[in-house]
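Listing of query23.txt; format and content: compact mmCIF, C-alpha atoms.
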```txt
# COMPACT_ATOMS: atom_id res chain seq x y z
CA MET A 1 13.58 18.50 13.49
CA SER A 2 16.87 16.68 13.60
CA LEU A 3 17.89 13.92 11.24
CA LEU A 4 18.01 11.40 14.09
CA SER A 5 14.47 12.33 15.14
CA ASP A 6 13.25 12.01 11.54
CA LEU A 7 14.91 8.60 11.20
CA LEU A 8 13.40 7.35 14.46
CA GLU A 9 9.92 8.53 13.41
CA LEU A 10 10.35 6.91 10.00
CA PHE A 11 11.39 3.64 11.59
CA TRP A 12 8.58 3.67 14.12
CA GLY A 13 5.87 4.73 11.63
CA PHE A 14 6.69 2.05 9.09
CA PHE A 15 7.49 -0.58 11.70
CA VAL A 16 4.08 -0.18 13.37
CA ALA A 17 2.18 -0.15 10.07
CA ASN A 18 3.87 -3.33 8.89
CA LEU A 19 3.82 -5.03 12.28
CA LEU A 20 0.04 -4.65 12.47
CA GLY A 21 -0.53 -5.25 8.74
CA TYR A 22 -1.37 -8.93 8.99
CA GLY A 23 -1.68 -10.40 5.52
CA GLY A 24 1.16 -8.64 3.76
CA GLY A 25 1.25 -5.55 1.53
CA PRO A 26 -2.47 -5.14 0.86
CA ALA A 27 -3.25 -5.22 4.57
CA SER A 28 -0.45 -2.84 5.52
CA ILE A 29 -1.16 -0.21 2.85
CA PRO A 30 -4.11 1.38 4.72
CA LEU A 31 -2.02 1.37 7.91
CA MET A 32 0.90 2.97 6.06
CA GLN A 33 -1.44 5.59 4.68
CA GLN A 34 -2.67 6.33 8.20
CA GLU A 35 0.90 6.78 9.48
CA VAL A 36 2.34 8.59 6.44
CA VAL A 37 -0.56 10.95 5.68
CA THR A 38 -2.64 11.35 8.83
CA HIS A 39 -0.28 10.79 11.75
CA TYR A 40 3.03 12.24 10.54
CA SER A 41 1.86 14.33 7.53
CA TRP A 42 4.95 13.41 5.53
CA ILE A 43 2.98 13.51 2.27
CA THR A 44 -0.58 14.40 1.28
CA ASN A 45 -3.34 11.93 0.48
CA ALA A 46 -3.07 12.78 -3.22
CA GLU A 47 0.70 12.19 -3.15
CA PHE A 48 0.09 8.87 -1.38
CA ALA A 49 -2.33 7.88 -4.15
CA ASP A 50 0.35 8.70 -6.74
CA VAL A 51 3.03 6.74 -4.85
CA LEU A 52 0.64 3.80 -4.51
CA ALA A 53 -0.11 3.85 -8.24
CA VAL A 54 3.57 3.92 -9.21
CA SER A 55 4.38 1.23 -6.62
CA ASN A 56 1.71 -1.01 -8.12
CA ALA A 57 3.20 -0.62 -11.56
CA LEU A 58 6.74 -1.51 -10.53
CA PRO A 59 7.81 -5.08 -9.77
CA GLY A 60 8.24 -6.22 -6.19
CA PRO A 61 6.46 -5.60 -2.90
CA ILE A 62 4.38 -2.43 -2.81
CA SER A 63 5.03 -1.55 0.82
CA THR A 64 8.82 -1.46 0.46
CA LYS A 65 8.57 0.90 -2.52
CA ILE A 66 6.23 3.21 -0.62
CA ALA A 67 8.57 3.14 2.39
CA ALA A 68 11.63 3.89 0.26
CA PHE A 69 9.92 6.81 -1.46
CA VAL A 70 8.53 8.38 1.71
CA GLY A 71 11.76 7.75 3.61
CA TYR A 72 13.72 9.48 0.86
CA GLN A 73 11.29 12.43 0.88
CA VAL A 74 11.66 12.85 4.64
CA ALA A 75 15.36 12.15 5.25
CA GLY A 76 17.15 11.37 2.00
CA TRP A 77 18.97 8.09 1.43
CA PHE A 78 19.24 7.32 5.15
CA GLY A 79 15.49 7.77 5.41
CA ALA A 80 14.87 5.44 2.48
CA ILE A 81 17.06 2.75 4.04
CA ILE A 82 15.57 3.09 7.54
CA ALA A 83 11.95 3.12 6.29
CA THR A 84 12.59 0.08 4.08
CA LEU A 85 14.25 -1.84 6.93
CA ALA A 86 11.36 -0.95 9.23
CA THR A 87 8.97 -2.29 6.59
CA VAL A 88 10.81 -5.58 6.14
CA ALA A 89 11.82 -6.28 9.76
CA PRO A 90 8.37 -7.11 11.20
CA SER A 91 7.61 -9.53 8.39
CA ALA A 92 10.95 -11.27 8.58
CA VAL A 93 10.86 -11.74 12.35
CA ALA A 94 7.18 -12.64 12.42
CA LEU A 95 7.59 -15.12 9.58
CA ILE A 96 10.30 -17.01 11.40
CA VAL A 97 8.46 -17.05 14.74
CA LEU A 98 4.95 -17.66 13.44
CA LEU A 99 5.92 -20.45 11.07
CA LYS A 100 7.43 -22.34 13.97
CA ILE A 101 4.30 -21.79 16.10
CA LEU A 102 1.81 -22.48 13.31
CA ASN A 103 3.64 -25.62 12.33
CA LYS A 104 3.38 -26.87 15.89
CA TYR A 105 -0.33 -25.98 16.29
CA ARG A 106 -1.61 -26.11 12.69
CA GLN A 107 -4.49 -28.48 13.54
CA SER A 108 -5.76 -26.27 16.37
CA SER A 109 -9.25 -24.83 15.89
CA ALA A 110 -8.11 -21.61 17.57
CA VAL A 111 -5.40 -21.07 14.94
CA LYS A 112 -7.82 -21.82 12.12
CA GLY A 113 -10.41 -19.45 13.64
CA MET A 114 -7.92 -16.59 14.03
CA THR A 115 -6.88 -16.71 10.41
CA LEU A 116 -10.49 -16.85 9.21
CA LEU A 117 -11.63 -13.92 11.38
CA VAL A 118 -8.86 -11.58 10.23
CA GLN A 119 -9.89 -11.80 6.56
CA PRO A 120 -13.06 -9.64 6.88
CA VAL A 121 -11.09 -6.95 8.73
CA ILE A 122 -8.55 -6.80 5.91
CA ALA A 123 -11.37 -6.64 3.35
CA ILE A 124 -12.92 -3.63 5.12
CA MET A 125 -9.56 -1.87 5.37
CA MET A 126 -9.00 -2.37 1.63
CA LEU A 127 -12.52 -1.13 0.90
CA LEU A 128 -11.91 2.06 2.89
CA LEU A 129 -8.61 2.66 1.11
CA THR A 130 -10.29 2.08 -2.25
CA TRP A 131 -13.02 4.58 -1.34
CA GLU A 132 -10.45 7.24 -0.41
CA MET A 133 -8.48 6.68 -3.61
CA ALA A 134 -11.72 6.85 -5.66
CA GLU A 135 -12.59 10.17 -4.02
CA ILE A 136 -9.17 11.56 -4.93
CA SER A 137 -9.51 10.31 -8.49
CA ALA A 138 -13.02 11.73 -8.88
CA SER A 139 -12.00 15.13 -7.52
CA THR A 140 -8.90 15.25 -9.71
CA ILE A 141 -10.08 13.97 -13.11
CA GLY A 142 -13.84 13.94 -12.63
CA ILE A 143 -16.44 11.32 -11.83
CA TRP A 144 -17.03 10.26 -15.44
CA GLN A 145 -13.36 9.76 -16.28
CA SER A 146 -12.81 7.90 -12.99
CA THR A 147 -15.83 5.66 -13.48
CA GLY A 148 -14.93 4.95 -17.11
CA ILE A 149 -11.34 4.04 -16.29
CA ALA A 150 -12.47 1.84 -13.38
CA ALA A 151 -15.06 0.08 -15.56
CA VAL A 152 -12.58 -0.58 -18.38
CA ALA A 153 -10.01 -1.87 -15.88
CA LEU A 154 -12.57 -4.15 -14.22
CA LEU A 155 -13.75 -5.49 -17.56
CA ALA A 156 -10.21 -6.04 -18.82
CA MET A 157 -9.15 -7.96 -15.71
CA THR A 158 -12.31 -10.02 -15.15
CA LYS A 159 -13.75 -10.74 -18.58
CA PHE A 160 -10.63 -10.67 -20.74
CA ARG A 161 -8.18 -11.83 -18.03
CA VAL A 162 -5.67 -9.06 -18.79
CA HIS A 163 -2.86 -9.06 -16.25
CA PRO A 164 -3.20 -6.19 -13.70
CA ALA A 165 0.28 -4.89 -14.56
CA ILE A 166 -0.78 -4.41 -18.19
CA VAL A 167 -3.93 -2.59 -17.05
CA ILE A 168 -1.82 -0.30 -14.85
CA VAL A 169 0.61 0.45 -17.70
CA ALA A 170 -2.34 1.16 -20.01
CA ALA A 171 -3.75 3.55 -17.40
CA PHE A 172 -0.38 5.31 -17.16
CA ILE A 173 -0.29 5.69 -20.94
CA TYR A 174 -3.88 6.95 -21.02
CA GLY A 175 -3.12 9.40 -18.23
CA GLY A 176 0.01 10.63 -19.97
CA LEU A 177 -1.49 10.96 -23.43
CA VAL A 178 -5.11 11.94 -22.75
CA LEU A 179 -5.60 13.18 -19.21
CA SER A 180 -2.45 15.31 -19.14
CA HIS A 181 -4.05 17.48 -21.85
CA SER A 182 -7.50 17.71 -20.29
CA VAL A 183 -6.77 18.28 -16.57
```

Would you put the structure from the file into structure tokens?
Amino acid sequence: MSLLSDLLELFWGFFVANLLGYGGGPASIPLMQQEVVTHYSWITNAEFADVLAVSNALPGPISTKIAAFVGYQVAGWFGAIIATLATVAPSAVALIVLLKILNKYRQSSAVKGMTLLVQPVIAIMMLLLTWEMAEISASTIGIWQSTGIAAVALLAMTKFRVHPAIVIVAAFIYGGLVLSHSV
């Protein structure tokens, strides 16, 4: 495949995922996974899970970090730039256009209904992505380790109000110190 073809596919794959990912990063992640893993096979599902984990731990939008990583893997620095631009472009254009429209029609029941009806769809997409990531985790480190880590993370964030970034860093440390010696 030529570099130009790779760059066009990168642009189109990330542009579509982020154009249809209403609701920002969390909504576009399952769509990105569909494009990156299933449609184009640029990386595996396990690699996507790793990229997603690292992207969550770093500051800034998740989708742009995933795009930059995958773009770099596929076509080097040009690929990283093109994939990142394709990720940002739909949001930037849509934000400008939609804010003007929503401001004009913000009291409309149709506009209110559309935004309310999209939320359950995004919830289901996130649930499916979570299920796939849990399957990868369980098959890699085992069901008991996965369940224990998930339970500790849930408890830390809900009961003790530990910031998610701290939970992610703690999981990285645990994985590096404990799991790297047992897997």

Could you check how far atom CA of Gln145 of chain A sits from atom CA of Arg161 of chain A, in Å to one decimal? 22.3 Å

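A search radius of 10 Å centred on (8.3, 9.1, 1.0), applied to all atoms listed in the file, returns the residues Leu10, Val36, Trp42, Ile43, Glu47, Phe48, Val51, Lys65, Ile66, Ala67, Ala68, Phe69, Val70, Gly71, Tyr72, Gln73, Val74, Ala75, Gly76, Gly79, Ala80 and Ala83 of chain A.
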
Those same residues - C-alpha atoms - I'd like them written as a PDB file, keeping the file's coordinate frame.
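Result saved to again08.pdb:
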```
ATOM      1  CA  LEU A  10      10.350   6.910  10.000  1.00  0.00           C
ATOM      2  CA  VAL A  36       2.340   8.590   6.440  1.00  0.00           C
ATOM      3  CA  TRP A  42       4.950  13.410   5.530  1.00  0.00           C
ATOM      4  CA  ILE A  43       2.980  13.510   2.270  1.00  0.00           C
ATOM      5  CA  GLU A  47       0.700  12.190  -3.150  1.00  0.00           C
ATOM      6  CA  PHE A  48       0.090   8.870  -1.380  1.00  0.00           C
ATOM      7  CA  VAL A  51       3.030   6.740  -4.850  1.00  0.00           C
ATOM      8  CA  LYS A  65       8.570   0.900  -2.520  1.00  0.00           C
ATOM      9  CA  ILE A  66       6.230   3.210  -0.620  1.00  0.00           C
ATOM     10  CA  ALA A  67       8.570   3.140   2.390  1.00  0.00           C
ATOM     11  CA  ALA A  68      11.630   3.890   0.260  1.00  0.00           C
ATOM     12  CA  PHE A  69       9.920   6.810  -1.460  1.00  0.00           C
ATOM     13  CA  VAL A  70       8.530   8.380   1.710  1.00  0.00           C
ATOM     14  CA  GLY A  71      11.760   7.750   3.610  1.00  0.00           C
ATOM     15  CA  TYR A  72      13.720   9.480   0.860  1.00  0.00           C
ATOM     16  CA  GLN A  73      11.290  12.430   0.880  1.00  0.00           C
ATOM     17  CA  VAL A  74      11.660  12.850   4.640  1.00  0.00           C
ATOM     18  CA  ALA A  75      15.360  12.150   5.250  1.00  0.00           C
ATOM     19  CA  GLY A  76      17.150  11.370   2.000  1.00  0.00           C
ATOM     20  CA  GLY A  79      15.490   7.770   5.410  1.00  0.00           C
ATOM     21  CA  ALA A  80      14.870   5.440   2.480  1.00  0.00           C
ATOM     22  CA  ALA A  83      11.950   3.120   6.290  1.00  0.00           C
TER      23      ALA A  83
END
```

List the spatial neighbours of Ser146 of chain A as a VMD selection string - criterion: any atom at most 10 Å away, only C-alpha atoms, same-chain residues fewer than 6 positions off excluded. chain A and resid 134 to 140

Mind giving me the straight-line distance from atom CA of Glu132 of chain A to atom CA of Ala89 of chain A in Å, one decimal? 28.0 Å

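For the atom pair formed by atom CA of Leu116 of chain A and atom CA of Ala27 of chain A, the distance is 14.5 Å, given to one decimal.
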
Of the candidates A:Asn103, A:Val162, A:Gly21, A:Ala171, which one gets nearest to Ile122 of chain A if we count all atoms listed in the file?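 Nearest to Ile122 of chain A: A:Gly21.
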
For Thr115 of chain A, the nearest of the candidates A:Ser91, A:Leu102, A:Val97, A:Phe11, counting only C-alpha atoms: A:Leu102

Residue among A:Leu155, A:Met126, A:Ala86, A:Ile101 lying closest to Ser28 of chain A, counting only C-alpha atoms: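 Between A:Leu155, A:Met126, A:Ala86, A:Ile101, the residue approaching Ser28 of chain A most closely is A:Met126.
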
For each of A:Ala123, A:Ile96, A:Leu129, A:Met157, take the minimum atom-to-atom distance to Leu52 of chain A, counting only C-alpha atoms, then give the residue where this is smallest.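 Closest residue, counting only C-alpha atoms: A:Leu129.
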
Write out as JSON, numbers by chain which residues come within 12 Å of segment 107-114 of chain A when counting all atoms listed in the file, dropping same-chain ones fewer than 6 positions away. {"A": [22, 98, 99, 101, 120, 121]}

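Each of A:Val37, A:Val178, A:Ala57, A:Ile141 was checked against Ala165 of chain A using all atoms listed in the file; the smallest atom-to-atom distance is that of A:Ala57.
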